[in-house]
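So the structure is just underneath, and the comments pick up after that.
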Amino acid sequence: MLELSYRDSQLKAVMQSQEVERARYAQDLHDDYGQLIVVLKLNLQEIESRFNDLPESLIKMIQNSHNILQRMSEKLRSICLGLMPVTIKERG
């Protein structure tokens, strides 16, 4: 009985450390890469706003870049949610 209790404690400790690590990964991804994506979006918006007579090809390239950054942001959000520990998901 004591051995079962010990194994249960070990398992809980491993699971808890994995959840802490997953939460840290999710937070790091969100904070670091999420911020970089936002900065790139703002830079593209600034380019668009400063130059009213951009060639059509450049406008399309900027719009395409916006779309790529949006997809990156959505993928990153999905990855972060997937890494979120179960206890945080369940308890908010």
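Residue numbers start at 1 in each chain; chains themselves are named A, B, ... in the order of the structure tokens; ligands are numbered from 1 in the order shown.
By chain and then residue number, the residues within 9 Å of A:Gln70 are Ile37, Lys41, Ser65, His66, Glu74 and Lys75 of chain A, counting only C-alpha atoms and disregarding those fewer than 4 positions away in sequence.
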Filtering to C-alpha atoms, could you give me those residues as an mmCIF file, in the first residue's frame?
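Output saved as result_29.cif:
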data_model
loop_
_atom_site.group_PDB
_atom_site.id
_atom_site.type_symbol
_atom_site.label_atom_id
_atom_site.label_comp_id
_atom_site.auth_asym_id
_atom_site.auth_seq_id
_atom_site.Cartn_x
_atom_site.Cartn_y
_atom_site.Cartn_z
ATOM 1 C CA ILE A 37 4.012 39.296 -35.301
ATOM 2 C CA LYS A 41 1.813 44.002 -38.752
ATOM 3 C CA SER A 65 2.206 39.680 -45.989
ATOM 4 C CA HIS A 66 -0.718 40.767 -43.803
ATOM 5 C CA GLU A 74 -3.787 32.011 -35.658
ATOM 6 C CA LYS A 75 -1.408 29.026 -35.766
#
Contacts of A:Arg24 at 10 Å (only C-alpha atoms; same-chain gap of 4+ positions) as a PyMOL selection string
chain A and resi 18-20+28-30+80+83-85
Quick one: write out the picked residues with C-alpha atoms as a PDB file, in the first residue's frame?
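Contents of out29.pdb, freshly written:
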ATOM      1  CA  GLN A  18       4.995  18.707 -17.228  1.00  0.00           C
ATOM      2  CA  GLU A  19       2.047  21.067 -16.878  1.00  0.00           C
ATOM      3  CA  VAL A  20       4.291  23.814 -15.515  1.00  0.00           C
ATOM      4  CA  ASP A  28       7.046  32.123 -24.070  1.00  0.00           C
ATOM      5  CA  LEU A  29       5.624  31.475 -27.527  1.00  0.00           C
ATOM      6  CA  HIS A  30       2.776  33.881 -26.975  1.00  0.00           C
ATOM      7  CA  CYS A  80      -0.396  27.940 -27.310  1.00  0.00           C
ATOM      8  CA  LEU A  83       0.130  23.521 -24.825  1.00  0.00           C
ATOM      9  CA  MET A  84      -2.093  24.969 -22.131  1.00  0.00           C
ATOM     10  CA  PRO A  85      -2.136  22.646 -19.124  1.00  0.00           C
TER      11      PRO A  85
END
Determine the nearest neighbour of A:Asn67 from the options A:Ser49, A:Pro55, A:Leu44, A:Arg22, counting only C-alpha atoms.
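Answer, going by the shortest atom-to-atom distance: A:Leu44.
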Just asking: which residues within chain A are alpha helix (DSSP H) according to DSSP, as JSON, numbers by chain?
{"A": [2, 3, 4, 5, 6, 7, 8, 9, 10, 11, 12, 13, 14, 15, 16, 17, 18, 19, 20, 21, 22, 23, 24, 25, 26, 27, 28, 34, 35, 36, 37, 38, 39, 40, 41, 42, 43, 44, 45, 46, 47, 48, 49, 50, 56, 57, 58, 59, 60, 61, 62, 63, 64, 65, 66, 67, 68, 69, 70, 71, 72, 73, 74, 75, 76, 77, 78, 79, 80, 81, 82, 83, 86, 87, 88, 89, 90, 91]}
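One finds atom CA of A:Asp32 at 29.4 Å from atom CA of A:Phe51.
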